[in-house]
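Asker: Sharing a structure, written as structure tokens. Questions coming.
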Amino acid sequence: MDGITVDIQDVFSFAGGWQVLGIVLAALAAAGYIAAVVFLSGNRHKEPRAVHKSIETIKRKYLAKITEVRQDVISGKIDSRRGFAKVSIITRNFVKAAVGIDVQNYTLDEIAALRMNSLTMLVSHCYEPEFARESPKLNSDEFTATINMAEDIISRWS
């Protein structure tokens with residue numbers, strides 16, 4: 001056995017093929033995942049949203065919503081508590097549409113910190129009736145004043 005020599009091959013000398021195969025398989029798996037997410041999301045056929053609406057268009061939309069709430073309270077379709085809540089929500093949504101600040105879940109202090117004084121005043125005006133256990137017994141002048149305040153905020157927004 002003197003004349004036979006055996007060279008032991010380095011373990012890592014043929015591992016490159018497995019590494020390339022692993023990378024290719026990982027890339028295919030990632031591409032398949034991305035394709036599945038895009039396919040299942042259902043967003044492929046939606047029309048793109050308008051990027052910018054004029055402030056006047058936004059104002060008209062939200063003033064119409066305020067008018068609808070006024071009519072619903074007057075007709076008795078909704079009670080004043082629900083009316084105050086809707087006025088607050090509509091005005092907050094208007095701010096988001098007009099300037100992009102989502103104040104929907106802001107506290108009164110957070111809104112005040114934004115220095116939106118008229119919005120702060122309106123929301124504070126709505127707080128007590130909105131969060132009362134029962135619909136408050138308010139005269140129509142109090143609700144009308146709140147509606148008028150909301151309309152004024154929206155109309156004067158620039």
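In the structure tokens, the first chain shown is A, the next is B, and so on; residue numbers restart at 1 for each chain, and ligands run from 1 in the order shown.
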Find the residues near range 94-106 of chain A: any atom within 8 Å, counting only C-alpha atoms, skip ones fewer than 4 places away on the same chain, and give them as a short mmCIF file (atom, residue, chain, number, x, y, z; two decimals) with C-alpha atoms, in the first residue's frame.

Answerer:
```
data_model
loop_
_atom_site.label_atom_id
_atom_site.label_comp_id
_atom_site.auth_asym_id
_atom_site.auth_seq_id
_atom_site.Cartn_x
_atom_site.Cartn_y
_atom_site.Cartn_z
CA ILE A 55 -60.86 73.35 -1.70
CA ILE A 58 -64.28 69.82 -0.69
CA LYS A 59 -66.20 72.63 1.03
CA TYR A 62 -68.92 68.82 3.59
CA ILE A 89 -67.15 63.75 12.69
CA ILE A 90 -68.01 65.64 9.52
CA GLU A 110 -54.31 67.57 20.62
CA ILE A 111 -56.54 69.63 18.34
CA ILE A 154 -65.95 75.03 6.53
#
```

Asker: For range 65-78 of chain A, work out the shell of residues within 8 Å, counting only C-alpha atoms and skipping chain neighbours fewer than 6 positions away, then give it as a ChimeraX atom specification.

Answerer: /A:86-87,90,144,147,150-151

Asker: As an exercise, work out the distance from CA of Asp141 in chain A to CA of Arg82 in chain A in Å and give it to one decimal place.

Answerer: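 We find that CA of Asp141 in chain A and CA of Arg82 in chain A lie 16.3 Å from each other.
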
Asker: Check the smallest atom-to-atom distance from each of A:Ile153, A:Val6, A:Ala145, A:Ile34 to Phe84 in chain A using only C-alpha atoms, then report the winner.

Answerer: A:Ala145

Asker: With only C-alpha atoms as the basis for distance, which of A:Thr5, A:Ala27, A:Thr91, A:Cys126 is at the shortest distance from Lys61 in chain A?

Answerer: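 Residue with the minimum atom-to-atom distance to Lys61 in chain A: A:Thr91.
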
Asker: I need the residue nearest Ser80 in chain A from this list: A:Leu119, A:Asn93, A:Arg156, A:Glu142. Use only C-alpha atoms for the distance.

Answerer: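 Nearest to Ser80 in chain A: A:Glu142.
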
Asker: What is the distance, in Å and to one decimal place, between CA of Thr57 in chain A and CA of Arg81 in chain A?

Answerer: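 For CA of Thr57 in chain A relative to CA of Arg81 in chain A, the distance reads 28.3 Å.
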
Asker: What does the distance from CA of Ala85 in chain A to CA of Tyr127 in chain A come to in Å, to one decimal?

Answerer: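 Computing it gives 8.2 Å between the two atoms.
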